[in-house]
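Peer 1: I'm passing along data_9.cif; it holds mmCIF, C-alpha atoms.
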data_start
#
loop_
_atom_site.label_atom_id
_atom_site.label_comp_id
_atom_site.auth_asym_id
_atom_site.auth_seq_id
_atom_site.Cartn_x
_atom_site.Cartn_y
_atom_site.Cartn_z
CA MET A 1 64.89 18.95 68.34
CA GLU A 2 68.71 19.12 68.23
CA THR A 3 68.80 15.95 70.28
CA LEU A 4 66.50 14.14 67.86
CA TRP A 5 68.55 15.32 64.88
CA SER A 6 71.84 14.16 66.37
CA ALA A 7 70.39 10.89 67.72
CA GLY A 8 70.13 9.40 64.24
CA GLY A 9 67.31 7.01 65.21
CA PRO A 10 64.12 6.90 67.25
CA VAL A 11 64.56 7.84 70.91
CA THR A 12 62.31 7.83 73.95
CA ALA A 13 61.37 10.90 75.97
CA ARG A 14 63.65 9.50 78.68
CA ASP A 15 66.64 9.55 76.26
CA VAL A 16 65.91 13.16 75.38
CA GLN A 17 65.72 14.06 79.05
CA ASP A 18 69.07 12.36 79.71
CA ALA A 19 70.71 14.06 76.74
CA LEU A 20 69.54 17.40 78.10
CA ALA A 21 70.42 16.47 81.70
CA HIS A 22 72.27 19.76 82.22
CA ARG A 23 68.97 21.62 81.72
CA GLU A 24 67.26 19.59 84.49
CA LEU A 25 63.97 19.27 82.62
CA ALA A 26 60.97 17.46 84.10
CA THR A 27 59.74 14.43 82.13
CA THR A 28 56.37 16.13 81.59
CA THR A 29 58.11 19.16 80.08
CA VAL A 30 59.98 16.98 77.61
CA LEU A 31 56.76 15.13 76.72
CA THR A 32 54.88 18.40 76.26
CA VAL A 33 57.54 19.74 73.92
CA LEU A 34 57.67 16.48 71.96
CA GLY A 35 53.86 16.50 71.70
CA ARG A 36 53.94 20.04 70.36
CA LEU A 37 56.61 19.16 67.79
CA GLU A 38 54.51 16.19 66.73
CA ARG A 39 51.44 18.38 66.21
CA LYS A 40 53.53 20.66 64.03
CA GLY A 41 54.50 17.69 61.90
CA LEU A 42 58.21 17.83 62.73
CA VAL A 43 58.33 14.64 64.76
CA THR A 44 56.63 11.24 64.51
CA ARG A 45 56.26 8.70 67.26
CA GLU A 46 55.71 5.01 67.34
CA ARG A 47 54.68 2.84 70.23
CA GLU A 48 57.26 0.44 71.61
CA GLY A 49 56.28 -1.48 74.72
CA ARG A 50 55.18 1.03 77.31
CA ALA A 51 57.05 4.04 75.93
CA HIS A 52 56.82 6.03 72.72
CA ARG A 53 59.85 6.43 70.52
CA TYR A 54 60.20 9.76 68.75
CA ARG A 55 61.91 10.42 65.46
CA ALA A 56 62.56 13.60 63.45
CA VAL A 57 60.51 13.62 60.22
CA ALA A 58 63.26 15.29 58.18
CA SER A 59 66.84 16.34 58.74
CA ARG A 60 67.89 19.85 59.63
CA GLU A 61 69.23 20.36 56.10
CA ASP A 62 65.96 19.21 54.55
CA HIS A 63 64.04 21.77 56.58
CA VAL A 64 66.47 24.57 55.69
CA ALA A 65 66.09 23.60 52.04
CA GLU A 66 62.29 23.74 52.43
CA LEU A 67 62.52 27.27 53.86
CA MET A 68 64.82 28.38 51.06
CA ARG A 69 62.50 26.93 48.42
CA ASP A 70 59.58 28.82 50.03
CA ALA A 71 61.61 32.01 50.06
CA LEU A 72 62.92 31.79 46.51
CA ASP A 73 59.57 30.67 45.14
CA ALA A 74 57.71 33.55 46.77
CA ALA A 75 55.25 34.99 44.29
CA PRO A 76 52.45 37.51 44.66
CA ASP A 77 49.78 35.00 43.66
CA ARG A 78 50.47 32.97 46.77
CA GLY A 79 48.93 35.67 48.92
CA ALA A 80 52.27 37.25 49.75
CA ALA A 81 53.18 34.76 52.45
CA LEU A 82 56.62 36.33 52.33
CA ALA A 83 58.02 39.56 50.97
CA ARG A 84 61.37 39.02 49.36
CA PHE A 85 64.08 41.65 49.07
CA LEU A 86 64.70 41.00 45.38
CA GLY A 87 61.04 40.91 44.50
CA SER A 88 58.91 38.04 43.40
CA ILE A 89 59.28 35.97 40.27
CA PRO A 90 56.55 35.47 37.68
CA GLU A 91 54.89 32.06 37.53
CA ASP A 92 56.29 31.07 34.13
CA GLU A 93 59.87 31.78 35.21
CA ARG A 94 59.72 30.02 38.54
CA ALA A 95 59.99 26.55 37.05
CA LYS A 96 63.21 27.67 35.36
CA LEU A 97 64.49 28.95 38.71
CA ARG A 98 63.65 25.65 40.40
CA ASP A 99 65.69 23.83 37.76
CA LEU A 100 68.60 26.17 38.40
CA LEU A 101 68.46 25.45 42.13
CA ASP A 102 68.50 21.66 41.85
CA MET B 1 16.62 53.07 39.94
CA GLU B 2 17.32 51.37 36.61
CA SER B 3 19.47 54.31 35.49
CA THR B 4 21.40 54.17 38.79
CA ALA B 5 22.02 50.45 38.24
CA LEU B 6 23.23 51.11 34.72
CA GLY B 7 25.51 53.90 35.96
CA LEU B 8 27.01 51.62 38.62
CA LEU B 9 27.54 48.83 36.08
CA VAL B 10 29.30 51.19 33.67
CA LEU B 11 31.44 52.57 36.52
CA GLY B 12 32.36 49.05 37.69
CA VAL B 13 33.34 47.87 34.21
CA LEU B 14 35.30 51.08 33.54
CA LEU B 15 37.24 50.66 36.79
CA ALA B 16 37.90 46.94 36.29
CA GLU B 17 39.25 47.32 32.77
CA PRO B 18 40.32 50.64 31.14
CA VAL B 19 40.99 52.49 34.40
CA SER B 20 43.02 49.61 35.88
CA ARG B 21 45.01 49.24 32.68
CA ALA B 22 45.67 52.98 32.45
CA LEU B 23 46.77 53.18 36.08
CA ALA B 24 49.03 50.14 35.65
CA GLY B 25 50.66 51.74 32.62
CA ALA B 26 50.97 55.27 34.01
CA HIS B 27 54.35 56.77 34.90
CA TRP B 28 53.35 59.01 37.79
CA PRO B 29 52.96 56.17 40.35
CA ALA B 30 56.78 55.89 40.51
CA ARG B 31 56.81 59.53 41.65
CA ASP B 32 54.29 59.01 44.44
CA PRO B 33 54.00 55.31 45.40
CA VAL B 34 51.88 55.98 48.48
CA GLY B 35 49.38 58.06 46.53
CA ALA B 36 49.28 55.43 43.80
CA LEU B 37 48.65 52.67 46.36
CA LEU B 38 45.75 54.71 47.76
CA ALA B 39 44.43 55.20 44.22
CA TRP B 40 44.60 51.43 43.65
CA GLN B 41 42.74 50.73 46.89
CA ALA B 42 40.07 53.21 45.79
CA VAL B 43 39.77 51.62 42.34
CA GLY B 44 39.45 48.15 43.87
CA LEU B 45 36.92 49.20 46.50
CA ALA B 46 34.84 51.42 44.22
CA GLY B 47 34.89 48.82 41.42
CA GLY B 48 33.71 46.07 43.77
CA LEU B 49 30.99 48.26 45.27
CA ALA B 50 29.79 49.39 41.85
CA LEU B 51 29.64 45.89 40.32
CA LEU B 52 27.94 44.28 43.30
CA GLY B 53 25.74 47.32 43.85
CA SER B 54 24.49 47.47 40.27
CA GLY B 55 23.08 43.93 40.56
CA VAL B 56 21.38 44.64 43.88
CA VAL B 57 19.99 48.01 42.74
CA TYR B 58 18.58 46.60 39.50
CA GLY B 59 17.19 43.54 41.29
CA LEU B 60 15.30 45.59 43.88
CA ALA B 61 14.27 48.38 41.47
CA PRO B 62 10.55 47.45 41.32
CA LEU B 63 10.21 47.79 45.09
CA GLY B 64 10.96 51.47 45.51
CA PRO B 65 12.45 54.67 44.17
CA SER B 66 15.83 54.20 45.96
CA LEU B 67 17.89 51.33 47.36
CA PRO B 68 17.29 52.09 51.07
CA VAL B 69 13.51 52.31 50.49
CA ALA B 70 13.40 49.24 48.23
CA PHE B 71 15.52 47.29 50.70
CA ARG B 72 13.16 48.12 53.56
CA THR B 73 10.16 47.08 51.44
CA ALA B 74 11.86 43.79 50.59
CA VAL B 75 12.67 43.07 54.25
CA ASP B 76 9.10 44.00 55.35
CA THR B 77 7.54 41.79 52.66
CA LEU B 78 9.78 38.87 53.58
CA ALA B 79 9.05 39.41 57.29
CA ALA B 80 5.34 39.23 56.48
CA GLY B 81 5.99 35.80 54.97
CA ARG B 82 5.45 36.80 51.34
CA LEU B 83 7.91 36.91 48.44
CA PRO B 84 8.54 40.37 46.97
CA ALA B 85 7.01 40.76 43.51
CA LEU B 86 10.06 40.70 41.23
CA GLY B 87 10.42 39.84 37.56
CA VAL B 88 12.75 37.13 36.29
CA THR B 89 15.47 39.55 35.16
CA HIS B 90 15.44 41.24 38.57
CA VAL B 91 15.82 37.93 40.39
CA LEU B 92 18.63 36.97 38.01
CA ALA B 93 20.44 40.26 38.72
CA LEU B 94 20.16 39.65 42.47
CA LEU B 95 21.47 36.12 42.05
CA ALA B 96 24.39 37.34 39.93
CA ALA B 97 25.33 39.91 42.58
CA LEU B 98 25.04 37.25 45.27
CA ALA B 99 27.20 34.80 43.29
CA LEU B 100 29.91 37.43 42.71
CA ALA B 101 29.88 38.40 46.40
CA LEU B 102 30.09 34.78 47.52
CA ARG B 103 32.88 34.05 45.06
CA LEU B 104 34.87 37.10 46.17
CA VAL B 105 34.47 36.34 49.87
CA SER B 106 35.26 32.64 49.48
CA VAL B 107 38.38 33.38 47.43
CA LEU B 108 39.47 35.95 50.02
CA VAL B 109 38.94 33.46 52.85
CA ALA B 110 40.71 30.67 50.94
CA VAL B 111 43.70 32.88 50.11
CA THR B 112 43.90 34.13 53.70
CA VAL B 113 43.69 30.66 55.23
CA ARG B 114 46.29 29.27 52.82
CA THR B 115 48.61 32.21 53.46
CA LEU B 116 48.26 31.99 57.24
CA ARG B 117 48.95 28.24 57.17
CA ALA B 118 52.03 28.65 54.98
CA ARG B 119 53.29 31.42 57.25
CA GLN B 120 52.64 29.43 60.41
CA ARG B 121 54.59 26.45 59.08
CA HIS B 122 57.39 28.71 57.85
CA ARG B 123 57.58 30.52 61.19
CA ASP B 124 57.69 27.29 63.20
CA LEU B 125 60.60 26.04 61.12
CA LEU B 126 62.36 29.41 61.25
CA ASP B 127 62.16 29.57 65.02
CA LEU B 128 63.67 26.12 65.15
CA LEU B 129 66.37 26.56 62.50
CA GLY B 130 67.20 30.26 62.44
CA THR B 131 69.89 31.74 64.65
CA PRO B 132 69.04 35.15 66.12
CA TRP B 133 71.30 37.81 64.67
CA PRO B 134 72.58 40.00 67.53
CA ALA B 135 73.23 43.10 65.36
CA VAL B 136 69.54 43.61 64.60
CA PRO B 137 66.89 42.61 67.14
CA GLY B 138 64.26 40.33 65.64
CA ALA B 139 66.36 39.26 62.65
CA ARG B 140 67.25 35.61 62.11
CA VAL B 141 70.02 34.02 60.11
CA LEU B 142 69.33 30.90 58.07
CA ASP B 143 72.38 28.74 57.45
CA HIS B 144 72.37 28.48 53.64
CA PRO B 145 74.93 29.71 51.10
CA VAL B 146 72.38 31.08 48.58
CA PRO B 147 71.82 34.77 49.39
CA VAL B 148 68.20 35.51 50.17
CA ALA B 149 66.56 38.11 52.41
CA TYR B 150 62.87 38.28 53.16
CA CYS B 151 60.30 39.00 55.77
CA LEU B 152 57.43 36.92 57.03
CA PRO B 153 54.56 39.34 57.65
CA GLY B 154 51.91 38.90 60.30
CA LEU B 155 51.31 39.73 63.92
CA ARG B 156 54.39 37.70 64.87
CA SER B 157 56.54 38.81 61.96
CA ARG B 158 60.07 37.62 61.26
CA LEU B 159 63.01 39.11 59.36
CA VAL B 160 65.29 36.57 57.72
CA VAL B 161 68.66 36.74 55.99
CA SER B 162 70.60 33.70 54.82
CA ALA B 163 74.25 33.14 55.69
CA GLY B 164 74.92 33.80 51.99
CA VAL B 165 73.79 37.40 52.47
CA LEU B 166 76.14 37.94 55.40
CA ASP B 167 79.01 36.53 53.32
CA ALA B 168 78.25 38.69 50.30
CA LEU B 169 77.42 42.02 51.97
CA ASP B 170 79.14 44.27 54.47
CA PRO B 171 77.17 45.31 57.58
CA PRO B 172 75.87 48.66 56.22
CA ALA B 173 74.52 46.89 53.13
CA VAL B 174 72.84 44.27 55.31
CA ARG B 175 71.25 47.12 57.25
CA ALA B 176 69.96 48.53 53.95
CA VAL B 177 68.39 45.17 53.09
CA LEU B 178 66.80 44.92 56.52
CA ALA B 179 65.51 48.52 56.34
CA HIS B 180 63.70 47.56 53.13
CA GLU B 181 62.15 44.47 54.72
CA GLN B 182 61.24 46.33 57.90
CA ALA B 183 59.31 48.85 55.79
CA HIS B 184 57.22 45.96 54.39
CA LEU B 185 56.51 44.71 57.90
CA ARG B 186 55.80 48.06 59.52
CA GLU B 187 53.41 49.26 56.83
CA ARG B 188 51.73 45.84 56.56
CA HIS B 189 52.23 45.64 52.80
CA ASP B 190 50.91 42.08 52.93
CA LEU B 191 47.45 43.48 53.75
CA VAL B 192 47.77 46.09 50.98
CA VAL B 193 48.34 43.30 48.45
CA LEU B 194 45.73 40.87 49.77
CA PRO B 195 42.54 42.34 48.18
CA PHE B 196 44.24 42.44 44.78
CA VAL B 197 45.35 38.84 45.12
CA ALA B 198 41.70 38.00 45.86
CA TRP B 199 40.40 40.03 42.87
CA GLY B 200 43.06 38.50 40.62
CA ALA B 201 42.06 35.00 41.74
CA THR B 202 38.32 35.77 41.45
CA ALA B 203 38.56 37.00 37.87
CA PRO B 204 41.91 35.89 36.41
CA PHE B 205 40.41 36.26 32.91
CA VAL B 206 40.00 40.01 33.37
CA ARG B 207 43.27 41.51 32.21
CA GLY B 208 42.79 44.67 34.32
CA MET B 209 42.69 42.63 37.55
CA VAL B 210 45.98 40.92 36.75
CA CYS B 211 47.56 44.28 35.80
CA ALA B 212 46.38 45.66 39.16
CA GLN B 213 48.01 42.83 41.08
CA VAL B 214 51.36 43.26 39.32
CA ALA B 215 51.29 47.07 39.62
CA VAL B 216 50.50 46.97 43.35
CA ALA B 217 53.30 44.45 43.96
CA ALA B 218 55.74 46.77 42.16
CA LEU B 219 54.51 49.80 44.12
CA ILE B 220 55.09 48.27 47.54
CA GLU B 221 58.67 47.48 46.49
CA MET B 222 59.15 51.12 45.39
CA ARG B 223 57.72 52.30 48.70
CA ALA B 224 60.02 49.97 50.69
CA ASP B 225 63.01 51.15 48.60
CA ASP B 226 62.10 54.77 49.37
CA VAL B 227 61.96 54.04 53.10
CA ALA B 228 65.24 52.07 53.00
CA ALA B 229 67.00 54.78 50.95
CA SER B 230 66.07 57.36 53.55
CA ALA B 231 67.30 55.12 56.41
CA VAL B 232 70.67 54.32 54.78
CA THR B 233 72.36 56.00 51.83
CA ALA B 234 71.15 55.37 48.27
CA ARG B 235 74.62 53.99 47.46
CA GLN B 236 74.42 51.39 50.24
CA LEU B 237 71.01 50.27 49.03
CA THR B 238 71.99 49.99 45.37
CA GLY B 239 75.23 48.25 46.38
CA ALA B 240 73.22 45.70 48.35
CA LEU B 241 70.76 45.21 45.46
CA ARG B 242 73.56 44.78 42.92
CA THR B 243 75.53 42.29 44.97
CA MET B 244 72.47 40.27 45.96
CA GLY B 245 71.04 40.45 42.46
CA GLY B 246 74.28 39.20 40.93
CA ALA B 247 74.59 36.32 43.39
CA ALA B 248 70.94 35.23 43.44
CA PRO B 249 70.05 32.16 41.39
CA ALA B 250 67.28 34.17 39.72
CA ALA B 251 69.94 36.40 38.10
CA ALA B 252 69.84 34.00 35.13
CA LEU B 253 66.28 35.14 34.38
CA SER B 254 66.04 38.13 32.08
CA SER B 255 62.77 39.41 33.56
CA PHE B 256 64.48 39.44 36.93
CA THR B 257 67.50 41.48 35.80
CA ASP B 258 65.24 43.91 33.91
CA ALA B 259 63.14 44.49 37.03
CA LEU B 260 66.32 44.91 39.06
CA ASP B 261 67.75 47.47 36.61
CA THR B 262 64.53 49.48 36.77
CA ARG B 263 64.68 49.49 40.55
CA LEU B 264 68.37 50.47 40.63
CA HIS B 265 67.73 53.28 38.19
CA ARG B 266 64.85 54.59 40.30
CA ILE B 267 67.04 54.68 43.44
CA THR B 268 70.12 56.27 41.85
CA GLU B 269 68.12 58.82 39.88
CA PRO B 270 64.91 59.24 41.84
CA PRO B 271 62.12 60.75 39.71
CA ARG B 272 60.94 64.14 40.94
CA PRO B 273 58.18 63.61 43.52
CA LEU B 274 54.79 64.84 42.35
CA PRO B 275 54.10 68.47 43.31
CA LEU B 276 52.39 68.66 46.68
CA ALA B 277 49.18 70.01 45.14
CA VAL B 278 49.00 67.02 42.77
CA GLN B 279 49.67 64.61 45.65
CA VAL B 280 46.75 66.13 47.57
CA LEU B 281 44.63 65.92 44.42
CA VAL B 282 45.43 62.21 44.00
CA ARG B 283 44.29 61.49 47.56
CA LEU B 284 41.13 63.54 47.15
CA ALA B 285 40.36 61.79 43.86
CA ALA B 286 40.84 58.41 45.57
CA ALA B 287 38.39 59.39 48.33
CA GLY B 288 35.95 60.76 45.75
CA LEU B 289 36.15 57.57 43.73
CA VAL B 290 34.99 55.50 46.71
CA GLY B 291 32.37 58.15 47.47
CA ILE B 292 30.61 57.94 44.07
CA PRO B 293 29.25 54.36 44.28
CA THR B 294 28.61 54.75 48.01
CA LEU B 295 26.44 57.81 47.37
CA LEU B 296 24.69 56.21 44.42
CA LEU B 297 23.81 53.24 46.62
CA LEU B 298 22.69 55.13 49.71
CA MET B 299 21.00 58.13 48.11
CA PRO B 300 17.41 58.35 49.32
#
Could you spell out this file's structure in structure tokens?
Peer 2:
Amino acid sequence: METLWSAGGPVTARDVQDALAHRELATTTVLTVLGRLERKGLVTREREGRAHRYRAVASREDHVAELMRDALDAAPDRGAALARFLGSIPEDERAKLRDLLD
Amino acid sequence: MESTALGLLVLGVLLAEPVSRALAGAHWPARDPVGALLAWQAVGLAGGLALLGSGVVYGLAPLGPSLPVAFRTAVDTLAAGRLPALGVTHVLALLAALALALRLVSVLVAVTVRTLRARQRHRDLLDLLGTPWPAVPGARVLDHPVPVAYCLPGLRSRLVVSAGVLDALDPPAVRAVLAHEQAHLRERHDLVVLPFVAWGATAPFVRGMVCAQVAVAALIEMRADDVAASAVTARQLTGALRTMGGAAPAAALSSFTDALDTRLHRITEPPRPLPLAVQVLVRLAAAGLVGIPTLLLLMP
């Protein structure tokens, strides 16, 4: 994932393998991992000739921001997906909080 | 059987409204959060049993002197390929009970599925983006300046603090925060809350249900504070709460600072725990409360 984030554009599995050459990964391993990331919606791929090119869906910062929004938005009516140290915030006040964050 | 059905209906309505409101407004829960959580579970369980049971008991009343007998008659009649002889009102009562049961179960399933999905997605991202924090095994640091600490419950739970927390707090205070979150994880507070989320979503127009949800959410925080305060000192915990509370973006919300003040006050000047005898009584009453509708339903 780091490799995809720093690549800046779509890369092939081969590129990822080369970038991680010091780890001596098999091509199938790289493809398996990329496939798993794709299923989780973190990576998209497009066909180009005989190979697939992979691209990160969002930047690292975007994902961190998504996690933080989840965490700060946490409310009991969402089935307590998270339990926050400072407690949850009532529905009517959360919009105000979102404005403060942006 | 009709009088049993009426009794169950009255019990269910009492528990869903006046009892829930009274329990949500009472002061003693702060002195015994665990007992109060048990009482809430009992109210929720007994209320559900009573409301659903009253419909079934009334619906099957013409078939026998008690629910087990009537139920057997109904099953035998259906097995023989005939419809049990029931009046319109009885059929309506059965349908109402069935509708309530279906609604409750479907809401519970929907809430659970949505929660599990949100958690799964959150956990995947965390494992990718969080850096393990060596000081506490299992804790992860998220690189963001806004201070936030939380836990992701579940079988594969995660503890998370943002870099903002590590900047704002010294290590003992961070340990206090983590002790609070670990209490949530260890005691599976997410499961304690879940039935009340489902009840609140099933009947959001019933004020008592909403009160229950809010009260239970407050009680698990009290419980986690109690556990954290016994793991670290009260001063470390309040220090952590104050610093985090002051730095959190939500500090601009008055409801948030009020809730925080109440919590701080409860930690610095803990209310006297309930006398042991009363604590035992609360637990017995909770067990008895679940026992009443169960007995009414199963009595031969």
Peer 1: Give me, please, the distance in Å between CA of Leu14 in chain B and CA of Gly47 in chain B, quoted to one decimal.
Peer 2: 8.2 Å
Peer 1: Please list as a list in words every residue within 12 Å of Ala70 in chain B, counting all atoms listed in the file and excluding residues in the same chain fewer than 4 positions away.
Peer 2: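 Returned residues: Met1, Val56, Val57, Tyr58, Gly59, Leu60, Ala61, Pro62, Leu63, Gly64, Pro65, Ser66, Ala74, Val75, Asp76, Thr77, Pro84, Ala85, Leu86, Leu297, Leu298, Met299 and Pro300 of chain B.
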Peer 1: Take the PyMOL selection byres ((chain B) within 9 of (chain A)), apply it to the structure above, and return the hits as a ChimeraX atom specification.
Peer 2: /B:111-112,114-116,118-119,121-122,124-126,128-130,142-144,146,148-154,162,177-178,180-181,184-185,189-191,193-194,197-198,200-201,213-214,217-218,221,241,244-245,248-250,252-253,255-256,259-260
Peer 1: So that I can see what lies close to Ala46 in chain B, please list as a ChimeraX atom specification the residues with an atom at most 12 Å from it, counting all atoms listed in the file and leaving out residues fewer than 5 positions away in the same chain.
Peer 2: /B:8-16,19-20,38-41,51-54,285-297
Peer 1: As an exercise, work out the distance from CA of Arg283 in chain B to CA of Pro33 in chain B in Å and give it to one decimal place.
Peer 2: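 According to the coordinates, CA of Arg283 in chain B and CA of Pro33 in chain B are separated by 11.7 Å.
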Peer 1: CA of Ala13 in chain A and CA of Arg36 in chain A, how far apart in Å?
Peer 2: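 Taking CA of Arg36 in chain A and CA of Ala13 in chain A, their separation equals 13.0 Å.
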Peer 1: Residue by residue, what does the PyMOL selection byres ((chain B and resi 137) around 12) grab here? Present the result as a VMD selection string.
Peer 2: chain B and resid 131 to 136 138 to 141 158 to 160 175 178 182
Peer 1: Once 5 Å is added on each side, what centre and edge lengths in Å to one decimal does the axis-aligned box around all listed atoms of range 45-59 of chain B have, as JSON?
Peer 2:
{"center_x": 27.1, "center_y": 47.5, "center_z": 43.0, "size_x": 29.7, "size_y": 17.9, "size_z": 17.0}
Peer 1: Step by step, work through what the PyMOL selection byres ((chain A and resi 15) around 12) selects in the shown file, and finish by giving those residues as a PyMOL selection string.
Peer 2: chain A and resi 3-4+7+9-14+16-21+25+27+30-31+51-55
Peer 1: Can you spit out the residues from that selection as a PDB file, keeping the file's coordinate frame, using C-alpha atoms?
Peer 2:
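Result file follows (selection_32.pdb):
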ATOM      1  CA  THR A   3      68.800  15.950  70.280  1.00  0.00           C
ATOM      2  CA  LEU A   4      66.500  14.140  67.860  1.00  0.00           C
ATOM      3  CA  ALA A   7      70.390  10.890  67.720  1.00  0.00           C
ATOM      4  CA  GLY A   9      67.310   7.010  65.210  1.00  0.00           C
ATOM      5  CA  PRO A  10      64.120   6.900  67.250  1.00  0.00           C
ATOM      6  CA  VAL A  11      64.560   7.840  70.910  1.00  0.00           C
ATOM      7  CA  THR A  12      62.310   7.830  73.950  1.00  0.00           C
ATOM      8  CA  ALA A  13      61.370  10.900  75.970  1.00  0.00           C
ATOM      9  CA  ARG A  14      63.650   9.500  78.680  1.00  0.00           C
ATOM     10  CA  VAL A  16      65.910  13.160  75.380  1.00  0.00           C
ATOM     11  CA  GLN A  17      65.720  14.060  79.050  1.00  0.00           C
ATOM     12  CA  ASP A  18      69.070  12.360  79.710  1.00  0.00           C
ATOM     13  CA  ALA A  19      70.710  14.060  76.740  1.00  0.00           C
ATOM     14  CA  LEU A  20      69.540  17.400  78.100  1.00  0.00           C
ATOM     15  CA  ALA A  21      70.420  16.470  81.700  1.00  0.00           C
ATOM     16  CA  LEU A  25      63.970  19.270  82.620  1.00  0.00           C
ATOM     17  CA  THR A  27      59.740  14.430  82.130  1.00  0.00           C
ATOM     18  CA  VAL A  30      59.980  16.980  77.610  1.00  0.00           C
ATOM     19  CA  LEU A  31      56.760  15.130  76.720  1.00  0.00           C
ATOM     20  CA  ALA A  51      57.050   4.040  75.930  1.00  0.00           C
ATOM     21  CA  HIS A  52      56.820   6.030  72.720  1.00  0.00           C
ATOM     22  CA  ARG A  53      59.850   6.430  70.520  1.00  0.00           C
ATOM     23  CA  TYR A  54      60.200   9.760  68.750  1.00  0.00           C
ATOM     24  CA  ARG A  55      61.910  10.420  65.460  1.00  0.00           C
TER      25      ARG A  55
END
Peer 1: I'd like the contact shell of Asp32 in chain B - 8 Å cut-off, all atoms listed in the file, skipping same-chain residues fewer than 2 positions apart - returned as a count of residues only.
Peer 2: 9
Peer 1: Write out as a PyMOL selection string the residues lying within 10 Å of Pro270 in chain B, counting all atoms listed in the file and excluding same-chain residues fewer than 2 positions away.
Peer 2: chain B and resi 30-31+226+234+263-268+272-273
Peer 1: For Leu100 in chain B, please output as a tab-separated table (two decimals) with C-alpha atoms, in the coordinates of the input all residues within 9 Å (counting only C-alpha atoms; exclusion window: fewer than 4 positions along the same chain).
Peer 2:
chain	number	residue	atom	x	y	z
B	51	LEU	CA	29.64	45.89	40.32
B	52	LEU	CA	27.94	44.28	43.30
B	95	LEU	CA	21.47	36.12	42.05
B	96	ALA	CA	24.39	37.34	39.93
B	104	LEU	CA	34.87	37.10	46.17
B	105	VAL	CA	34.47	36.34	49.87
B	202	THR	CA	38.32	35.77	41.45
